[in-house]
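Quick notes on the structure that follows.
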Amino acid sequence: MVADASTPAKVLVVDDLKGVRQVLNALLTRAGYQVIEADNGQTGLDLIRAEQPDVVLLDVRMPGLDGFEVLERAGTIDPDLPIVMITAYGDVDTAVDAMHRGAHHYLSKPFHHAEVLAIVERAAERRRLSRQVRSLRDQLAYVTPLTDLLGTSEPIQALLIQLDRLAITELPVLVAGQPGSGTELLARAIHARSARRHGPFVAVDCGAVPTELLDSELLGHERDAFPGADRQRRGQLEMADGGTLFLDDVAALSPSAQAALVQFLHHKRIQRVGGDEELVLDVRVIVATAADLEHLVEGGLFRRDLYGRFAEATLTIPPLRDRPDDIVFLVKHLLDATNAELGKHVQGPTPEALDLLVAHPWPGNARELRHVVKRAVLLADTHITPAHLPFASSAPEPAAAPDPPDDPTMPLAERTRRAAERVERQAIADALRHADGNKRQAAQALGIGYKTLLNKIKKLKLQPVREPAP
């Protein structure tokens, strides 16, 4: 329930002492608030998810989950929720610690009724204002439609219709598309159009996480779970509780991380690495990949049961090179935006430059197009000409160590792995050539992190490419 001028604010009181709950309930009810109660931390978290209160009064010291742990978990469920901590009389240090951890305010026992009402009133007003800001932010998200970022072609229109249909469901979703095509953009759009839009959106680039740390990244770990684990750490699934987890480059997940994800999708429960406690989480999972997962499944490189959980809800972004109408549209849209950003008045590409733009294969898709247009506007005075485009670059293409010919008797999984490496090597080589050897620009065009690109260059044995002089 959203509190407004006609709806009383909803206050959740979380305290293991029945007498404290009764006093606060009576006081707040007389003042016109709607009051709900929880006698322990876990019930309080469940009510935060189910009831969406406007204010929480939370006792610091409770058996089981204490107030600080509830405060932390509540922040991942509803980051804007004002929480007032209840402390013992004179426990100033605890109150200050609570404020540093994100609490809105604190109350000391025994209560002064006027102080309770004043603090709750301010917290409820803060909640009302934050809801208004969030509502305006959501409205602004629709002012710039996805067509302005992806294009207006028939394939994109059909894709966006499918996206809207999937957004209102709770199905796990696979977004398939080449690097730079907008997979994370679609994932965020699904989240923004879903009932989870007020919850967290947590994005993880699986390819940028060392393989041996993927389980811990996904599930979290307990203290001393492995060498170097000097404290408990929450995983990305736990951080996304109440919202959406987006796993980019999902094909890079290790076998054990794939198994853990299958178990979560089936049971909605996880165990941190090195832990025994089962955590029940409410998370929708969206994954993205540029790889052919079905091909990887056949080669034994990706779990069939995990692929099956996503296969029924797949969004596929067509490569930009197959959508010439969108190239023309996006060039104009990006030109207008870049002119406004840079304070320039470049009128547009000449016919010769536009022909080059349409004919370019765009291995980095829309992300690469944005970089090319911005660079051209920076260089141009009145019009973008072929001289302002990097396609005729003379930078040497990075050479790769030649692959040995495939043995006809080689296992299918190994042949599939080699084929995938050849495709990845060529995509990286193309991106580096079009970026004049600049690895950071190439990483942006490919839609991966800079460190991920460096790791892949080393893994694929691409010869070093000299960075351009600054």
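Chain labels follow the order of the structure tokens: the first chain is A, the next B, and so on; residue numbering restarts at 1 in every chain, and ligands are counted from 1 in their shown order.
Neighbouring residues of Asp322 (chain A) at 10 Å or closer, counting only C-alpha atoms and skipping chain neighbours under 6 positions away, are Pro155, Val358, Pro361 and Trp362 of chain A.
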With the cut-off set at 10 Å and counting only C-alpha atoms, tabulate each residue of region 242-280 of chain A with an atom at most that distance from an atom of region 171-182 of chain A, showing the nearest atom pair and its distance in Å to one decimal, ordered by chain and increasing number, as CSV.
residue,atom,partner,partner_atom,distance
A:Thr244,CA,A:Pro172,CA,9.8
A:Leu245,CA,A:Pro172,CA,9.9
A:Phe246,CA,A:Val173,CA,9.5
A:Leu247,CA,A:Leu174,CA,9.6
A:Asp248,CA,A:Val175,CA,9.1
A:Asp249,CA,A:Pro179,CA,9.4
A:Val250,CA,A:Leu174,CA,9.4
A:Leu265,CA,A:Pro172,CA,8.4
CA of Ala95 (chain A) to CA of Leu27 (chain A), straight-line distance in Å:
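CA of Ala95 (chain A) lies at a distance of 22.4 Å from CA of Leu27 (chain A).
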Mind giving me the straight-line distance from CA of Met85 (chain A) to CA of Leu57 (chain A) in Å, one decimal?
5.9 Å
Got a sec: who's within 9 Å of region 33-50 of chain A, counting only C-alpha atoms, leaving out chain neighbours fewer than 6 positions off, as a count of residues only?
31
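Summary of the local environment: counting only C-alpha atoms, residues at most 9 Å from Leu219 (chain A), other than itself and those fewer than 5 positions away along its chain, are A:Leu214, A:Arg233, A:Arg234, A:Gly235, A:Gln236, A:Leu237, A:Glu238, A:Ala257, A:Ala260, A:Ile270, A:Gln271, A:Arg272, A:Val273.
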DSSP-assigned strand (DSSP E or B) members of region 255-434 of chain A, reported as a ChimeraX atom specification
/A:269-270,273,279-280,284-289,314-316,348-349,383-384,400
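For Asp282 (chain A), the non-local neighbours within 8 Å, defined as residues at least 3 positions apart in the same chain or in other chains and counting only C-alpha atoms, are A:Asp241, A:Gly242, A:Gly243, A:Lys268.
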Interatomic distance between CA of Phe226 (chain A) and CA of Arg269 (chain A)?
21.7 Å
